[in-house]
>>> print(open('protein34.cif').read())   # mmCIF, C-alpha atoms; chains and numbers go by the auth columns
data_coords
#
loop_
_atom_site.group_PDB
_atom_site.id
_atom_site.type_symbol
_atom_site.label_atom_id
_atom_site.label_comp_id
_atom_site.label_asym_id
_atom_site.label_seq_id
_atom_site.Cartn_x
_atom_site.Cartn_y
_atom_site.Cartn_z
_atom_site.B_iso_or_equiv
_atom_site.auth_seq_id
_atom_site.auth_asym_id
ATOM 1 C CA MET A 1 -112.890 -21.395 -66.140 0.00 138 A
ATOM 2 C CA LYS A 2 -111.138 -18.016 -66.367 0.00 139 A
ATOM 3 C CA ARG A 3 -111.766 -17.399 -62.664 0.00 140 A
ATOM 4 C CA ALA A 4 -110.155 -20.758 -61.722 0.00 141 A
ATOM 5 C CA TRP A 5 -107.073 -19.900 -63.793 0.00 142 A
ATOM 6 C CA TRP A 6 -106.689 -16.518 -62.057 0.00 143 A
ATOM 7 C CA ALA A 7 -107.102 -18.138 -58.637 0.00 144 A
ATOM 8 C CA PHE A 8 -104.403 -20.671 -59.503 0.00 145 A
ATOM 9 C CA ALA A 9 -102.097 -17.893 -60.785 0.00 146 A
ATOM 10 C CA LEU A 10 -102.646 -15.853 -57.612 0.00 147 A
ATOM 11 C CA LEU A 11 -101.952 -18.854 -55.372 0.00 148 A
ATOM 12 C CA SER A 12 -98.797 -19.627 -57.366 0.00 149 A
ATOM 13 C CA LEU A 13 -97.558 -16.058 -56.944 0.00 150 A
ATOM 14 C CA LEU A 14 -98.289 -16.122 -53.235 0.00 151 A
ATOM 15 C CA GLY A 15 -96.385 -19.408 -52.897 0.00 152 A
ATOM 16 C CA ALA A 16 -93.434 -17.977 -54.842 0.00 153 A
ATOM 17 C CA GLY A 17 -93.460 -14.920 -52.598 0.00 154 A
ATOM 18 C CA SER A 18 -93.242 -17.119 -49.518 0.00 155 A
ATOM 19 C CA ALA A 19 -90.348 -19.073 -50.975 0.00 156 A
ATOM 20 C CA SER A 20 -88.548 -15.854 -51.833 0.00 157 A
ATOM 21 C CA ALA A 21 -89.086 -14.466 -48.359 0.00 158 A
ATOM 22 C CA HIS A 22 -87.735 -17.682 -46.842 0.00 159 A
ATOM 23 C CA SER A 23 -84.730 -17.639 -49.161 0.00 160 A
ATOM 24 C CA GLY A 24 -84.187 -13.993 -48.279 0.00 161 A
ATOM 25 C CA GLY A 25 -84.163 -14.925 -44.582 0.00 162 A
ATOM 26 C CA GLU A 26 -81.579 -17.626 -45.262 0.00 163 A
ATOM 27 C CA SER A 27 -79.453 -15.168 -47.257 0.00 164 A
ATOM 28 C CA LEU A 28 -79.729 -12.610 -44.476 0.00 165 A
ATOM 29 C CA LEU A 29 -78.526 -15.110 -41.858 0.00 166 A
ATOM 30 C CA LEU A 30 -75.650 -16.174 -44.143 0.00 167 A
ATOM 31 C CA ASP A 31 -74.625 -12.518 -44.528 0.00 168 A
ATOM 32 C CA HIS A 32 -74.806 -11.925 -40.759 0.00 169 A
ATOM 33 C CA VAL A 33 -72.748 -15.048 -40.045 0.00 170 A
ATOM 34 C CA ARG A 34 -70.091 -14.051 -42.614 0.00 171 A
ATOM 35 C CA LYS A 35 -69.790 -10.519 -41.254 0.00 172 A
ATOM 36 C CA ALA A 36 -69.575 -11.739 -37.658 0.00 173 A
ATOM 37 C CA ASN A 37 -67.059 -14.528 -38.339 0.00 174 A
ATOM 38 C CA ASP A 38 -64.907 -13.620 -41.368 0.00 175 A
ATOM 39 C CA ARG A 39 -61.980 -13.263 -38.952 0.00 176 A
ATOM 40 C CA PHE A 40 -61.839 -17.068 -38.832 0.00 177 A
ATOM 41 C CA LYS A 41 -60.671 -17.284 -42.451 0.00 178 A
ATOM 42 C CA ASN A 42 -57.262 -17.486 -40.815 0.00 179 A
ATOM 43 C CA VAL A 43 -57.271 -20.507 -38.485 0.00 180 A
ATOM 44 C CA SER A 44 -54.818 -18.735 -36.163 0.00 181 A
ATOM 45 C CA ALA A 45 -57.669 -16.366 -35.206 0.00 182 A
ATOM 46 C CA ALA A 46 -59.714 -19.356 -34.046 0.00 183 A
ATOM 47 C CA VAL A 47 -56.789 -20.745 -32.048 0.00 184 A
ATOM 48 C CA ALA A 48 -56.143 -17.330 -30.476 0.00 185 A
ATOM 49 C CA GLU A 49 -59.788 -17.245 -29.331 0.00 186 A
ATOM 50 C CA GLY A 50 -59.593 -20.637 -27.615 0.00 187 A
ATOM 51 C CA TYR A 51 -60.780 -22.991 -30.342 0.00 188 A
ATOM 52 C CA ALA A 52 -59.109 -26.409 -30.585 0.00 189 A
ATOM 53 C CA PRO A 53 -59.401 -28.998 -33.383 0.00 190 A
ATOM 54 C CA ILE A 54 -61.168 -32.318 -33.359 0.00 191 A
ATOM 55 C CA PRO A 55 -60.649 -34.849 -36.208 0.00 192 A
ATOM 56 C CA CYS A 56 -62.190 -34.272 -39.613 0.00 193 A
ATOM 57 C CA ALA A 57 -65.812 -35.455 -39.718 0.00 194 A
ATOM 58 C CA SER A 58 -67.205 -37.070 -42.845 0.00 195 A
ATOM 59 C CA GLY A 59 -70.683 -38.429 -43.497 0.00 196 A
ATOM 60 C CA GLN A 60 -71.799 -41.963 -44.201 0.00 197 A
ATOM 61 C CA GLN A 61 -73.865 -40.733 -47.156 0.00 198 A
ATOM 62 C CA GLY A 62 -70.931 -38.795 -48.606 0.00 199 A
ATOM 63 C CA GLY A 63 -69.492 -35.380 -48.135 0.00 200 A
ATOM 64 C CA ALA A 64 -68.071 -34.056 -44.909 0.00 201 A
ATOM 65 C CA MET A 65 -68.241 -31.340 -42.284 0.00 202 A
ATOM 66 C CA GLY A 66 -64.494 -30.821 -42.178 0.00 203 A
ATOM 67 C CA ILE A 67 -62.273 -30.233 -39.175 0.00 204 A
ATOM 68 C CA HIS A 68 -64.181 -28.634 -36.311 0.00 205 A
ATOM 69 C CA TYR A 69 -62.328 -26.169 -34.130 0.00 206 A
ATOM 70 C CA VAL A 70 -64.404 -26.178 -30.939 0.00 207 A
ATOM 71 C CA ASN A 71 -64.453 -23.597 -28.169 0.00 208 A
ATOM 72 C CA GLY A 72 -65.177 -25.480 -24.924 0.00 209 A
ATOM 73 C CA ALA A 73 -66.087 -22.312 -23.017 0.00 210 A
ATOM 74 C CA PHE A 74 -68.734 -21.364 -25.596 0.00 211 A
ATOM 75 C CA LEU A 75 -69.986 -24.950 -25.649 0.00 212 A
ATOM 76 C CA GLN A 76 -70.621 -24.797 -21.885 0.00 213 A
ATOM 77 C CA ASP A 77 -71.896 -21.209 -21.458 0.00 214 A
ATOM 78 C CA GLY A 78 -75.426 -21.873 -22.764 0.00 215 A
ATOM 79 C CA VAL A 79 -75.377 -18.681 -24.876 0.00 216 A
ATOM 80 C CA ILE A 80 -75.972 -18.547 -28.617 0.00 217 A
ATOM 81 C CA ASP A 81 -74.058 -15.577 -30.032 0.00 218 A
ATOM 82 C CA ILE A 82 -73.725 -15.165 -33.797 0.00 219 A
ATOM 83 C CA ALA A 83 -70.134 -13.873 -33.368 0.00 220 A
ATOM 84 C CA LYS A 84 -69.118 -16.687 -31.009 0.00 221 A
ATOM 85 C CA PRO A 85 -70.003 -19.996 -32.672 0.00 222 A
ATOM 86 C CA GLU A 86 -69.306 -23.095 -30.623 0.00 223 A
ATOM 87 C CA ALA A 87 -67.395 -24.572 -33.577 0.00 224 A
ATOM 88 C CA VAL A 88 -65.620 -23.222 -36.651 0.00 225 A
ATOM 89 C CA MET A 89 -65.291 -25.670 -39.551 0.00 226 A
ATOM 90 C CA TYR A 90 -62.390 -25.950 -41.987 0.00 227 A
ATOM 91 C CA GLU A 91 -61.752 -28.100 -45.028 0.00 228 A
ATOM 92 C CA PRO A 92 -58.191 -29.448 -45.259 0.00 229 A
ATOM 93 C CA THR A 93 -56.551 -28.915 -48.657 0.00 230 A
ATOM 94 C CA PRO A 94 -53.824 -31.023 -50.314 0.00 231 A
ATOM 95 C CA ASP A 95 -51.279 -28.204 -49.765 0.00 232 A
ATOM 96 C CA GLY A 96 -51.844 -28.418 -45.988 0.00 233 A
ATOM 97 C CA LYS A 97 -53.987 -25.298 -45.614 0.00 234 A
ATOM 98 C CA LEU A 98 -57.304 -25.100 -43.826 0.00 235 A
ATOM 99 C CA VAL A 99 -60.105 -23.259 -45.620 0.00 236 A
ATOM 100 C CA LEU A 100 -63.034 -21.863 -43.628 0.00 237 A
ATOM 101 C CA VAL A 101 -66.264 -23.440 -44.893 0.00 238 A
ATOM 102 C CA ALA A 102 -68.864 -23.101 -42.099 0.00 239 A
ATOM 103 C CA VAL A 103 -69.600 -22.503 -38.447 0.00 240 A
ATOM 104 C CA GLU A 104 -71.716 -24.518 -36.040 0.00 241 A
ATOM 105 C CA TYR A 105 -73.883 -23.271 -33.206 0.00 242 A
ATOM 106 C CA ILE A 106 -74.644 -25.764 -30.419 0.00 243 A
ATOM 107 C CA ALA A 107 -77.102 -25.634 -27.514 0.00 244 A
ATOM 108 C CA PHE A 108 -77.927 -28.216 -24.873 0.00 245 A
ATOM 109 C CA LYS A 109 -81.361 -26.712 -24.164 0.00 246 A
ATOM 110 C CA GLY A 110 -83.982 -26.344 -26.796 0.00 247 A
ATOM 111 C CA PRO A 111 -85.615 -25.988 -29.014 0.00 248 A
ATOM 112 C CA ALA A 112 -82.946 -23.512 -30.055 0.00 249 A
ATOM 113 C CA ALA A 113 -82.936 -20.999 -32.908 0.00 250 A
ATOM 114 C CA LEU A 114 -80.748 -18.307 -34.432 0.00 251 A
ATOM 115 C CA GLU A 115 -82.480 -15.440 -36.228 0.00 252 A
ATOM 116 C CA GLY A 116 -85.572 -17.613 -36.632 0.00 253 A
ATOM 117 C CA HIS A 117 -83.744 -20.682 -37.970 0.00 254 A
ATOM 118 C CA LEU A 118 -84.408 -23.727 -35.801 0.00 255 A
ATOM 119 C CA PHE A 119 -81.515 -25.962 -34.765 0.00 256 A
ATOM 120 C CA ASN A 120 -81.475 -29.710 -35.500 0.00 257 A
ATOM 121 C CA PHE A 121 -81.757 -32.132 -32.578 0.00 258 A
ATOM 122 C CA ASN A 122 -79.066 -34.789 -32.033 0.00 259 A
ATOM 123 C CA GLY A 123 -79.850 -37.486 -29.520 0.00 260 A
ATOM 124 C CA ALA A 124 -77.436 -39.569 -27.491 0.00 261 A
ATOM 125 C CA PRO A 125 -75.411 -41.614 -27.921 0.00 262 A
ATOM 126 C CA ASN A 126 -73.752 -39.694 -30.742 0.00 263 A
ATOM 127 C CA ARG A 127 -70.318 -39.794 -32.343 0.00 264 A
ATOM 128 C CA TYR A 128 -69.143 -36.845 -30.252 0.00 265 A
ATOM 129 C CA GLY A 129 -69.894 -38.457 -26.882 0.00 266 A
ATOM 130 C CA LEU A 130 -72.082 -35.494 -25.964 0.00 267 A
ATOM 131 C CA ASP A 131 -75.403 -35.387 -24.148 0.00 268 A
ATOM 132 C CA PRO A 132 -78.356 -34.742 -26.470 0.00 269 A
ATOM 133 C CA PHE A 133 -77.921 -31.357 -28.154 0.00 270 A
ATOM 134 C CA TYR A 134 -79.267 -28.958 -30.762 0.00 271 A
ATOM 135 C CA GLU A 135 -77.046 -27.729 -33.600 0.00 272 A
ATOM 136 C CA LEU A 136 -77.138 -25.457 -36.601 0.00 273 A
ATOM 137 C CA HIS A 137 -74.465 -25.629 -39.284 0.00 274 A
ATOM 138 C CA VAL A 138 -74.217 -22.496 -41.406 0.00 275 A
ATOM 139 C CA TRP A 139 -72.362 -23.057 -44.692 0.00 276 A
ATOM 140 C CA ALA A 140 -71.532 -19.387 -45.195 0.00 277 A
ATOM 141 C CA TRP A 141 -68.205 -19.780 -47.038 0.00 278 A
ATOM 142 C CA LYS A 142 -68.681 -22.887 -49.193 0.00 279 A
ATOM 143 C CA ARG A 143 -71.814 -23.595 -51.199 0.00 280 A
ATOM 144 C CA ASN A 144 -73.664 -26.657 -49.978 0.00 281 A
ATOM 145 C CA PRO A 145 -76.014 -28.263 -52.513 0.00 282 A
ATOM 146 C CA ALA A 146 -77.675 -30.114 -49.607 0.00 283 A
ATOM 147 C CA GLY A 147 -78.718 -26.743 -48.109 0.00 284 A
ATOM 148 C CA HIS A 148 -77.251 -23.828 -46.188 0.00 285 A
ATOM 149 C CA PHE A 149 -77.963 -25.553 -42.855 0.00 286 A
ATOM 150 C CA ALA A 150 -77.374 -29.233 -43.679 0.00 287 A
ATOM 151 C CA ASP A 151 -74.962 -31.247 -41.544 0.00 288 A
ATOM 152 C CA ASN A 152 -72.720 -32.577 -44.321 0.00 289 A
ATOM 153 C CA ASN A 153 -71.597 -30.880 -47.494 0.00 290 A
ATOM 154 C CA PRO A 154 -71.039 -33.100 -50.554 0.00 291 A
ATOM 155 C CA ASN A 155 -68.516 -30.491 -51.785 0.00 292 A
ATOM 156 C CA VAL A 156 -66.298 -30.927 -48.695 0.00 293 A
ATOM 157 C CA SER A 157 -63.781 -33.715 -48.190 0.00 294 A
ATOM 158 C CA CYS A 158 -61.555 -35.011 -45.411 0.00 295 A
ATOM 159 C CA ASN A 159 -59.222 -36.718 -47.915 0.00 296 A
ATOM 160 C CA ALA A 160 -56.416 -34.200 -47.308 0.00 297 A
ATOM 161 C CA ALA A 161 -56.692 -34.309 -43.505 0.00 298 A
ATOM 162 C CA LYS A 162 -53.470 -35.171 -41.736 0.00 299 A
ATOM 163 C CA PRO A 163 -53.652 -38.281 -39.539 0.00 300 A
ATOM 164 C CA GLU A 164 -54.178 -37.493 -35.858 0.00 301 A
#
>>> encode(input="protein34.cif", output="structure tokens")
Amino acid sequence: MKRAWWAFALLSLLGAGSASAHSGGESLLLDHVRKANDRFKNVSAAVAEGYAPIPCASGQQGGAMGIHYVNGAFLQDGVIDIAKPEAVMYEPTPDGKLVLVAVEYIAFKGPAALEGHLFNFNGAPNRYGLDPFYELHVWAWKRNPAGHFADNNPNVSCNAAKPE
């Protein structure tokens, strides 16, 4: 009986170690994304680099993605570069400001990954009118209880978005 208990304890520790390593990998990617893209805290930096807004995107199950500022050149170049996300995401606030919450990496060929994190596949038709694509949201500036790489964030809202 003692031997079974020790085996269970060892397996539990090994499982916890794996979870910690995975969480550490997520934290590392979040840190890399923040360092590479903190310049976008000011939306004028995104505009200066060729990003343009599309309407605020909210989810059917609640939460939102925010206003995406998309760089068409990066969307078409087929390159995934941590410092050049295809989209930068902002949450509109009641005082009219835009707060950086996340970035999105998009690829049309896959499977795609960034630092070992696989992108999600989106088929067509989709609400963006795009061909099938792979995407990875990275919620590096606003905590997302649904996960660091989930599409929608229940803590983000489009309620303060100005009508297009």
>>> closest_residue(input="protein34.cif", among="A:Met202, A:Ala250, A:Ile217, A:Val225", to="Asn174 of chain A", atoms="all atoms listed in the file")
A:Val225
>>> residues_around(input="protein34.cif", residues="Pro190 of chain A", least_positions_apart="2", cutoff="7 Å", atoms="only C-alpha atoms", output="ChimeraX atom specification")
/A:188,192,204-207
>>> residues_around(input="protein34.cif", residues="segment 231-233 of chain A", least_positions_apart="6", cutoff="9 Å", atoms="only C-alpha atoms", output="PDB file with C-alpha atoms, in the frame of the given file")
ATOM      1  CA  ASN A 296     -59.222 -36.718 -47.915  1.00  0.00           C
ATOM      2  CA  ALA A 297     -56.416 -34.200 -47.308  1.00  0.00           C
ATOM      3  CA  ALA A 298     -56.692 -34.309 -43.505  1.00  0.00           C
ATOM      4  CA  LYS A 299     -53.470 -35.171 -41.736  1.00  0.00           C
TER       5      LYS A 299
END
>>> residues_around(input="protein34.cif", residues="Ala210 of chain A", least_positions_apart="2", cutoff="12 Å", atoms="all atoms listed in the file", output="list in words")
Glu186, Gly187, Tyr188, Ala189, Val207, Asn208, Leu212, Gln213, Asp214, Gly215, Val216, Ile217, Lys221, Pro222, Glu223, Ala224 and Ile243 of chain A
>>> atom_distance(input="protein34.cif", atom1="atom CA of Ala244 of chain A", atom2="atom CA of Val184 of chain A")
21.4 Å
>>> atom_distance(input="protein34.cif", atom1="atom CA of Glu163 of chain A", atom2="atom CA of Tyr265 of chain A")
27.4 Å
>>> resolve_selection(input="protein34.cif", expression="the PyMOL selection byres ((chain A and resi 200) around 10)", output="PDB file with C-alpha atoms, in the coordinates of the input")
ATOM      1  CA  ALA A 194     -65.812 -35.455 -39.718  1.00  0.00           C
ATOM      2  CA  SER A 195     -67.205 -37.070 -42.845  1.00  0.00           C
ATOM      3  CA  GLY A 196     -70.683 -38.429 -43.497  1.00  0.00           C
ATOM      4  CA  GLN A 197     -71.799 -41.963 -44.201  1.00  0.00           C
ATOM      5  CA  GLN A 198     -73.865 -40.733 -47.156  1.00  0.00           C
ATOM      6  CA  GLY A 199     -70.931 -38.795 -48.606  1.00  0.00           C
ATOM      7  CA  ALA A 201     -68.071 -34.056 -44.909  1.00  0.00           C
ATOM      8  CA  MET A 202     -68.241 -31.340 -42.284  1.00  0.00           C
ATOM      9  CA  GLY A 203     -64.494 -30.821 -42.178  1.00  0.00           C
ATOM     10  CA  ASN A 281     -73.664 -26.657 -49.978  1.00  0.00           C
ATOM     11  CA  ALA A 283     -77.675 -30.114 -49.607  1.00  0.00           C
ATOM     12  CA  ASP A 288     -74.962 -31.247 -41.544  1.00  0.00           C
ATOM     13  CA  ASN A 289     -72.720 -32.577 -44.321  1.00  0.00           C
ATOM     14  CA  ASN A 290     -71.597 -30.880 -47.494  1.00  0.00           C
ATOM     15  CA  PRO A 291     -71.039 -33.100 -50.554  1.00  0.00           C
ATOM     16  CA  ASN A 292     -68.516 -30.491 -51.785  1.00  0.00           C
ATOM     17  CA  VAL A 293     -66.298 -30.927 -48.695  1.00  0.00           C
ATOM     18  CA  SER A 294     -63.781 -33.715 -48.190  1.00  0.00           C
ATOM     19  CA  CYS A 295     -61.555 -35.011 -45.411  1.00  0.00           C
TER      20      CYS A 295
END
>>> residues_near_point(input="protein34.cif", point="(-55.3, -21.5, -46.5)", cutoff="12 Å", atoms="only C-alpha atoms", output="JSON, numbers by chain")
{"A": [177, 178, 179, 180, 181, 227, 228, 229, 230, 231, 232, 233, 234, 235, 236, 237, 238]}
>>> resolve_selection(input="protein34.cif", expression="the PyMOL selection byres ((chain A and resi 273-280) around 7)", output="ChimeraX atom specification")
/A:167,170-171,237-243,256-257,272,281-282,285-288
>>> atom_distance(input="protein34.cif", atom1="atom CA of His254 of chain A", atom2="atom CA of Asp168 of chain A")
13.9 Å
>>> closest_residue(input="protein34.cif", among="A:Phe211, A:Leu166, A:Gly284, A:Met226", to="Gly253 of chain A", atoms="all atoms listed in the file")
A:Leu166
>>> resolve_selection(input="protein34.cif", expression="the PyMOL selection byres ((chain A and resi 259) around 10)", output="PDB file with C-alpha atoms, keeping the file's coordinate frame")
ATOM      1  CA  PHE A 245     -77.927 -28.216 -24.873  1.00  0.00           C
ATOM      2  CA  PHE A 256     -81.515 -25.962 -34.765  1.00  0.00           C
ATOM      3  CA  ASN A 257     -81.475 -29.710 -35.500  1.00  0.00           C
ATOM      4  CA  PHE A 258     -81.757 -32.132 -32.578  1.00  0.00           C
ATOM      5  CA  GLY A 260     -79.850 -37.486 -29.520  1.00  0.00           C
ATOM      6  CA  ALA A 261     -77.436 -39.569 -27.491  1.00  0.00           C
ATOM      7  CA  PRO A 262     -75.411 -41.614 -27.921  1.00  0.00           C
ATOM      8  CA  ASN A 263     -73.752 -39.694 -30.742  1.00  0.00           C
ATOM      9  CA  LEU A 267     -72.082 -35.494 -25.964  1.00  0.00           C
ATOM     10  CA  ASP A 268     -75.403 -35.387 -24.148  1.00  0.00           C
ATOM     11  CA  PRO A 269     -78.356 -34.742 -26.470  1.00  0.00           C
ATOM     12  CA  PHE A 270     -77.921 -31.357 -28.154  1.00  0.00           C
ATOM     13  CA  TYR A 271     -79.267 -28.958 -30.762  1.00  0.00           C
ATOM     14  CA  GLU A 272     -77.046 -27.729 -33.600  1.00  0.00           C
TER      15      GLU A 272
END
